[in-house]
Amino acid sequence: MQQNTLPQKLWMSATGLFLCVFLVIHLLGNLQLLLPAADAKEQFNWYSRLLSGNIIIKVIAWVLYCSIIGHAVYALLLTLQSRRANGTRYVYDKRGASSKWYSRNMGLLGTIILIFLVIHFKDFWYRYKFTDLPLDARGQPDLYTVVVFAFAQWWYVLLYVVCMFAMGFHLLHGFFSAARTLGLYHPKFTRWVKVSGWLYTVVITGGFIIIPIYVYFTNS
Amino acid sequence: MKLTLHIWRQEQGASTGAMHTYALTDIPEDMSFLEMLDLLNEQLMKQGERVIEFDSDCREGICGQCGMMINGRAHGPLKHTTTCQLYMRSFKDGDTIYAEPFRAAAFPVVCDLKIDRSAFDRIIGAGGYVSVSTGQAPEANSIPYAHETAEAAFDAAACIGCGACVATCKNSSAALFTGAKITHMALLPQGQTETAARTQKMVAQMHKEHFGHCTNTEACEVECPQQISVLHIARMNYEYNKASLLHK
Ligand code: HEM
Ligand code: FES
């Protein structure tokens, strides 16, 4: 039998919004990479070590892992139920004319994000946590050099930019959709949430796109 | 005008069907889409073939009985228009038109372009009413009630239950239909008291009928002949969340 999709959507919006908040903090930390090279190295490595040692950050990290997994699992469950609800497919289908392409392709955009996350975790998170990185002058694991090395390759920067666009469109629909799922129905809020969603998306996506490009051009 | 028509034919009781192609000529452009199908049916009758079955009643856009997928869109290419209010002037001479029934697991095809929408009735039956006798209409001014709220309730009540929202939704969700009914009654003094229980029952029935979830693509509002606002879906979510937290 079909499950009640409203609680499932509530989980999607809660985990999605948590990820949205996380992205703000993550971007703020990463902006240190835009400092002059010597300062950036010292600050970024200091910041990385600060995060990895802190118990509050550890708890938040676990919430983060659970959110990503929960969000993806509910996305899969809802998609499967949606398939069943559709029944027979249309022979001739032009329904796309009445909605935005990215709102209909949240699953595809999410899958791109998921693939990106695997690469991202493997190259930075895993290396920081589970391998012995060389130390910088202050004896801190030198994540900065790892990042700069990665972003010195043009194809890696390109991969990042493409994935960030996918995330951007996911956010553009996700931010406002989450507000609707939570039940924000007043027309006044609607306008406000749409504008905030746009601002949020542009700032977050723009920020994450500028960093690899900046690092690429200042280090090549 | 002259048209090539690809129309879904499915025998009553059959589990599937197929597109059949027909040529039709001498169609006046002031004819409605359904009248054009009547014309085609006349032609089929003369040839001794089974006529194409489709639903209609008022043919003036108010009853919600008509509805089909025309050229891949619910009720055809125009926004906020029922199939009966679509006229042949929206097409060009020599056009090819595809007509299929509204599709969703919850809306089984009865025959050709005719579907069974009683899933909607069962959602209403689950709680879309006021369960006490309200007696005769009281003196209107004895219920303190703002004009704007009455209008908002009426906007929600304007749904004609045609099913275009479900047909156009990528998830075959009935969120707009159910949301409109819930909002309609939640706004009225007679309906307010039972909102929490009603919302839970109607939402449960919506899923029992195998409708999908809402992704907020807002396609339903675009195709809705009555322009029912997607904000009613948010209102349903609000009432549901509130009921889950506070009810019982
Ligand atoms: C940066 C990471 C991510 C963020 C910030 C994010 C955020 C969001 C938000 C806020 C929503 C709206 C929820 C709602 O409509 O109530 C959403 C929906 C969605 N997300 Fe994500 N998401 C992320 C990653 C992912 C991943 C990795 C997947 C898939 C594997 C995914 C799949 C989906 C899908 C399919 C929906 C639409 C659900 C529906 O049909 O209503 N997301 N996301
Ligand atoms: S036949 Fe009544 S709305 Fe089209």
# chains A, B, ... in the order shown; residues from 1 in each chain; ligands from 1
$ closest_atom_pairs --of "chain A" --to "chain B" --cutoff "10 Å" --atoms "only C-alpha atoms" --output "Markdown table"
| residue | atom | partner | partner_atom | distance |
| --- | --- | --- | --- | --- |
| A:Met1 | CA | B:Lys208 | CA | 6.9 |
| A:Gln2 | CA | B:His210 | CA | 5.5 |
| A:Gln3 | CA | B:His207 | CA | 6.4 |
| A:Asn4 | CA | B:His207 | CA | 5.8 |
| A:Thr5 | CA | B:His213 | CA | 5.5 |
| A:Leu6 | CA | B:His213 | CA | 7.3 |
| A:Pro7 | CA | B:Asn241 | CA | 8.5 |
| A:Gln8 | CA | B:His213 | CA | 9.0 |
| A:Lys9 | CA | B:His213 | CA | 7.9 |
| A:Leu10 | CA | B:Asn241 | CA | 8.7 |
| A:Leu78 | CA | B:His213 | CA | 7.0 |
| A:Thr79 | CA | B:Asn171 | CA | 8.1 |
| A:Leu80 | CA | B:Gly212 | CA | 9.6 |
| A:Gln81 | CA | B:Gly212 | CA | 6.4 |
| A:Ser82 | CA | B:Asn171 | CA | 4.6 |
| A:Arg83 | CA | B:Asn171 | CA | 7.0 |
| A:Arg84 | CA | B:Ala105 | CA | 7.0 |
| A:Ala85 | CA | B:Ala105 | CA | 5.1 |
| A:Asn86 | CA | B:Ala104 | CA | 4.6 |
| A:Gly87 | CA | B:Ala105 | CA | 4.3 |
| A:Thr88 | CA | B:Arg103 | CA | 6.5 |
| A:Arg89 | CA | B:Arg103 | CA | 7.3 |
| A:Tyr90 | CA | B:Arg103 | CA | 7.1 |
| A:Val91 | CA | B:Glu100 | CA | 7.8 |
| A:Tyr92 | CA | B:Gly72 | CA | 5.1 |
| A:Asp93 | CA | B:Gly72 | CA | 4.1 |
| A:Lys94 | CA | B:Gly72 | CA | 4.3 |
| A:Arg95 | CA | B:Arg73 | CA | 5.2 |
| A:Gly96 | CA | B:Ala219 | CA | 8.3 |
| A:Ala97 | CA | B:Arg73 | CA | 8.1 |
| A:Ser98 | CA | B:Ala219 | CA | 4.9 |
| A:Ser99 | CA | B:Ala219 | CA | 5.0 |
| A:Lys100 | CA | B:Thr217 | CA | 6.9 |
| A:Trp101 | CA | B:Thr217 | CA | 8.9 |
| A:Tyr102 | CA | B:Thr217 | CA | 8.8 |
| A:Ser103 | CA | B:Thr217 | CA | 5.3 |
| A:Arg104 | CA | B:Thr217 | CA | 6.4 |
| A:Asn105 | CA | B:Thr217 | CA | 9.8 |
| A:Met106 | CA | B:Thr215 | CA | 8.7 |
| A:His173 | CA | B:Thr217 | CA | 8.4 |
| A:Gly174 | CA | B:Thr215 | CA | 9.2 |
| A:Phe176 | CA | B:Asn216 | CA | 8.8 |
| A:Ser177 | CA | B:Asn216 | CA | 5.9 |
| A:Ala178 | CA | B:Asn216 | CA | 9.0 |
| A:Ala179 | CA | B:Ala234 | CA | 8.4 |
| A:Arg180 | CA | B:Ala234 | CA | 4.9 |
| A:Thr181 | CA | B:Asn237 | CA | 6.0 |
| A:Leu182 | CA | B:Asn237 | CA | 6.4 |
| A:Gly183 | CA | B:Tyr238 | CA | 3.8 |
| A:Leu184 | CA | B:Ala234 | CA | 5.9 |
| A:Tyr185 | CA | B:Ala234 | CA | 4.9 |
| A:His186 | CA | B:Leu231 | CA | 7.4 |
| A:Pro187 | CA | B:Leu231 | CA | 7.5 |
| A:Thr190 | CA | B:Leu231 | CA | 8.5 |
$ write_last_selection --atoms "N, CA and C atoms" --output "short mmCIF file (atom, residue, chain, number, x, y, z; two decimals), in the first residue's frame"
data_model
loop_
_atom_site.label_atom_id
_atom_site.label_comp_id
_atom_site.auth_asym_id
_atom_site.auth_seq_id
_atom_site.Cartn_x
_atom_site.Cartn_y
_atom_site.Cartn_z
N MET A 1 0.84 -1.20 0.00
CA MET A 1 0.00 0.00 0.00
C MET A 1 0.88 1.26 0.00
N GLN A 2 0.32 2.30 -0.55
CA GLN A 2 1.01 3.58 -0.58
C GLN A 2 1.20 4.08 0.85
N GLN A 3 2.42 4.54 1.16
CA GLN A 3 2.63 5.11 2.48
C GLN A 3 2.22 6.57 2.47
N ASN A 4 2.02 7.11 3.68
CA ASN A 4 1.70 8.53 3.78
C ASN A 4 2.94 9.34 3.40
N THR A 5 2.83 10.13 2.34
CA THR A 5 4.02 10.83 1.84
C THR A 5 4.27 12.15 2.57
N LEU A 6 3.29 12.62 3.34
CA LEU A 6 3.49 13.92 4.00
C LEU A 6 4.61 13.88 5.05
N PRO A 7 4.62 12.86 5.94
CA PRO A 7 5.73 12.78 6.88
C PRO A 7 7.07 12.56 6.16
N GLN A 8 7.04 11.80 5.08
CA GLN A 8 8.29 11.57 4.33
C GLN A 8 8.82 12.88 3.75
N LYS A 9 7.89 13.70 3.25
CA LYS A 9 8.31 15.00 2.72
C LYS A 9 8.80 15.91 3.85
N LEU A 10 8.21 15.77 5.03
CA LEU A 10 8.68 16.57 6.16
C LEU A 10 10.13 16.24 6.48
N LEU A 78 10.28 8.13 -2.18
CA LEU A 78 9.23 8.94 -2.80
C LEU A 78 9.21 8.73 -4.31
N THR A 79 10.40 8.63 -4.90
CA THR A 79 10.47 8.44 -6.35
C THR A 79 9.84 7.11 -6.75
N LEU A 80 10.11 6.07 -5.97
CA LEU A 80 9.53 4.76 -6.28
C LEU A 80 8.00 4.80 -6.15
N GLN A 81 7.52 5.46 -5.09
CA GLN A 81 6.07 5.56 -4.91
C GLN A 81 5.43 6.37 -6.02
N SER A 82 6.14 7.41 -6.45
CA SER A 82 5.63 8.25 -7.51
C SER A 82 5.48 7.45 -8.80
N ARG A 83 6.46 6.57 -9.05
CA ARG A 83 6.38 5.71 -10.24
C ARG A 83 5.16 4.84 -10.22
N ARG A 84 4.87 4.29 -9.03
CA ARG A 84 3.71 3.42 -8.91
C ARG A 84 2.42 4.23 -9.08
N ALA A 85 2.43 5.46 -8.54
CA ALA A 85 1.23 6.30 -8.63
C ALA A 85 0.95 6.71 -10.08
N ASN A 86 1.97 6.76 -10.91
CA ASN A 86 1.81 7.19 -12.30
C ASN A 86 1.03 6.18 -13.14
N GLY A 87 1.17 4.91 -12.85
CA GLY A 87 0.50 3.90 -13.69
C GLY A 87 1.05 3.91 -15.11
N THR A 88 0.13 3.81 -16.08
CA THR A 88 0.55 3.78 -17.49
C THR A 88 1.18 5.11 -17.91
N ARG A 89 2.22 5.03 -18.70
CA ARG A 89 2.88 6.27 -19.16
C ARG A 89 2.07 6.90 -20.29
N TYR A 90 2.25 8.21 -20.46
CA TYR A 90 1.63 8.89 -21.59
C TYR A 90 2.37 8.52 -22.87
N VAL A 91 1.63 8.40 -23.96
CA VAL A 91 2.25 8.14 -25.25
C VAL A 91 2.91 9.42 -25.75
N TYR A 92 2.18 10.52 -25.57
CA TYR A 92 2.67 11.82 -26.05
C TYR A 92 2.63 12.76 -24.86
N ASP A 93 3.79 13.21 -24.41
CA ASP A 93 3.87 13.92 -23.14
C ASP A 93 4.55 15.28 -23.28
N LYS A 94 3.78 16.34 -23.11
CA LYS A 94 4.36 17.69 -23.16
C LYS A 94 4.05 18.43 -21.86
N ARG A 95 3.94 17.68 -20.77
CA ARG A 95 3.56 18.29 -19.51
C ARG A 95 4.63 19.26 -19.00
N GLY A 96 5.84 19.09 -19.51
CA GLY A 96 6.94 19.96 -19.08
C GLY A 96 6.66 21.43 -19.31
N ALA A 97 5.74 21.74 -20.24
CA ALA A 97 5.46 23.14 -20.56
C ALA A 97 4.89 23.90 -19.37
N SER A 98 4.35 23.19 -18.36
CA SER A 98 3.69 23.91 -17.29
C SER A 98 4.48 23.97 -15.97
N SER A 99 5.76 23.61 -16.01
CA SER A 99 6.57 23.77 -14.79
C SER A 99 8.05 23.94 -15.17
N LYS A 100 8.84 24.33 -14.17
CA LYS A 100 10.27 24.56 -14.41
C LYS A 100 11.01 23.22 -14.50
N TRP A 101 11.99 23.13 -15.39
CA TRP A 101 12.68 21.85 -15.59
C TRP A 101 13.37 21.38 -14.31
N TYR A 102 13.92 22.31 -13.55
CA TYR A 102 14.68 21.85 -12.38
C TYR A 102 13.76 21.36 -11.27
N SER A 103 12.51 21.88 -11.25
CA SER A 103 11.58 21.38 -10.23
C SER A 103 11.19 19.94 -10.53
N ARG A 104 11.21 19.57 -11.80
CA ARG A 104 10.83 18.19 -12.15
C ARG A 104 12.01 17.23 -12.06
N ASN A 105 13.22 17.77 -11.95
CA ASN A 105 14.40 16.91 -11.99
C ASN A 105 15.24 16.96 -10.72
N MET A 106 14.54 17.10 -9.58
CA MET A 106 15.24 17.17 -8.30
C MET A 106 16.03 15.88 -8.04
N HIS A 173 15.02 25.28 -6.28
CA HIS A 173 13.68 24.72 -6.06
C HIS A 173 13.52 24.24 -4.61
N GLY A 174 14.58 23.63 -4.08
CA GLY A 174 14.49 22.99 -2.76
C GLY A 174 14.17 23.96 -1.64
N PHE A 176 12.56 26.83 -1.54
CA PHE A 176 11.17 27.28 -1.46
C PHE A 176 10.21 26.11 -1.24
N SER A 177 10.55 24.97 -1.87
CA SER A 177 9.69 23.79 -1.72
C SER A 177 9.64 23.33 -0.26
N ALA A 178 10.76 23.43 0.43
CA ALA A 178 10.81 23.02 1.83
C ALA A 178 9.88 23.89 2.67
N ALA A 179 9.85 25.18 2.36
CA ALA A 179 8.97 26.09 3.10
C ALA A 179 7.52 25.69 2.90
N ARG A 180 7.17 25.29 1.68
CA ARG A 180 5.80 24.85 1.39
C ARG A 180 5.49 23.56 2.14
N THR A 181 6.46 22.65 2.15
CA THR A 181 6.25 21.37 2.84
C THR A 181 6.00 21.62 4.33
N LEU A 182 6.71 22.60 4.88
CA LEU A 182 6.51 22.91 6.30
C LEU A 182 5.16 23.56 6.54
N GLY A 183 4.57 24.10 5.49
CA GLY A 183 3.22 24.64 5.64
C GLY A 183 3.12 26.15 5.61
N LEU A 184 4.11 26.82 5.07
CA LEU A 184 4.07 28.28 4.97
C LEU A 184 3.14 28.65 3.81
N TYR A 185 1.90 29.01 4.14
CA TYR A 185 0.91 29.18 3.07
C TYR A 185 0.51 30.62 2.83
N HIS A 186 0.89 31.52 3.70
CA HIS A 186 0.43 32.89 3.51
C HIS A 186 1.10 33.54 2.30
N PRO A 187 0.32 34.22 1.44
CA PRO A 187 0.89 34.81 0.23
C PRO A 187 2.05 35.77 0.51
N THR A 190 5.13 33.76 0.84
CA THR A 190 5.49 33.14 -0.43
C THR A 190 6.48 34.00 -1.19
#
$ residues_near_ligand --ligand "ligand 2" --cutoff "9 Å" --atoms "only C-alpha atoms and all ligand atoms" --output "list of chain:residue names"
B:Leu34, B:Asp55, B:Ser56, B:Asp57, B:Cys58, B:Arg59, B:Glu60, B:Gly61, B:Ile62, B:Cys63, B:Gly64, B:Gln65, B:Cys66, B:Gly67, B:Thr81, B:Thr82, B:Thr83, B:Cys84, B:Gln85, B:Ile160, B:Cys162, B:Pro225
$ write_last_selection --atoms "C-alpha atoms" --output "compact mmCIF listing (two decimals), in the first residue's frame"
# COMPACT_ATOMS: atom_id res chain seq x y z
CA LEU B 34 -15.58 18.03 -27.91
CA ASP B 55 -16.89 12.27 -20.67
CA SER B 56 -18.68 15.59 -20.78
CA ASP B 57 -21.73 17.18 -19.24
CA CYS B 58 -22.19 20.96 -19.04
CA ARG B 59 -19.85 21.81 -21.93
CA GLU B 60 -19.52 25.26 -20.48
CA GLY B 61 -16.53 24.76 -18.21
CA ILE B 62 -18.27 24.48 -14.86
CA CYS B 63 -18.95 20.83 -14.07
CA GLY B 64 -15.50 19.23 -14.33
CA GLN B 65 -16.79 16.17 -16.13
CA CYS B 66 -14.71 16.58 -19.29
CA GLY B 67 -10.95 16.23 -19.40
CA THR B 81 -9.22 25.95 -19.56
CA THR B 82 -11.39 22.84 -19.56
CA THR B 83 -11.42 20.54 -22.58
CA CYS B 84 -14.98 21.64 -23.43
CA GLN B 85 -13.86 25.27 -23.51
CA ILE B 160 -14.60 21.29 -10.15
CA CYS B 162 -11.79 17.43 -13.14
CA PRO B 225 -9.36 25.35 -15.08
$ closest_atom_pairs --of "chain A" --to "ligand 1" --cutoff "6 Å" --atoms "only C-alpha atoms and all ligand atoms" --output "Markdown table"
| residue | atom | partner | partner_atom_place_in_ligand_line | distance |
| --- | --- | --- | --- | --- |
| A:Lys9 | CA | ligand 1 | 16 (O) | 5.3 |
| A:Met12 | CA | ligand 1 | 13 (C) | 4.9 |
| A:Ser13 | CA | ligand 1 | 16 (O) | 3.6 |
| A:Gly16 | CA | ligand 1 | 7 (C) | 3.6 |
| A:Leu17 | CA | ligand 1 | 10 (C) | 4.8 |
| A:Leu19 | CA | ligand 1 | 5 (C) | 4.3 |
| A:Cys20 | CA | ligand 1 | 5 (C) | 4.3 |
| A:Ala72 | CA | ligand 1 | 30 (C) | 4.0 |
| A:Ala75 | CA | ligand 1 | 35 (C) | 4.3 |
| A:Met106 | CA | ligand 1 | 35 (C) | 4.6 |
| A:Gly107 | CA | ligand 1 | 35 (C) | 3.6 |
| A:Gly110 | CA | ligand 1 | 28 (C) | 3.4 |
| A:Thr111 | CA | ligand 1 | 30 (C) | 4.6 |
| A:Ile113 | CA | ligand 1 | 27 (C) | 5.0 |
| A:Leu114 | CA | ligand 1 | 27 (C) | 4.1 |
| A:Leu171 | CA | ligand 1 | 7 (C) | 5.8 |
| A:Gly174 | CA | ligand 1 | 12 (C) | 3.6 |
| A:Phe175 | CA | ligand 1 | 10 (C) | 4.5 |
| A:Ser177 | CA | ligand 1 | 15 (O) | 4.2 |
| A:Ala178 | CA | ligand 1 | 16 (O) | 3.4 |
| A:Thr181 | CA | ligand 1 | 16 (O) | 4.7 |
$ residues_around --residues "A:Tyr144" --least-positions-apart "5" --cutoff "7 Å" --atoms "only C-alpha atoms" --output "ChimeraX atom specification"
/A:41,44-45
$ residues_around --residues "A:Phe151" --least-positions-apart "5" --cutoff "8 Å" --atoms "only C-alpha atoms" --output "count of residues only"
6
$ select_by_dssp --residues "stretch 54-243 of chain B" --states "helix (DSSP H, G or I)" --output "MDAnalysis selection string"
chainID B and resid 83:85 88:90 118:125 140:142 147:157 164:168 175:187 189:192 195:208 219:223 231:243
$ closest_residue --among "B:Ala119, B:Met31, B:Leu40, B:Gly135" --to "B:Tyr87" --atoms "only C-alpha atoms"
B:Met31
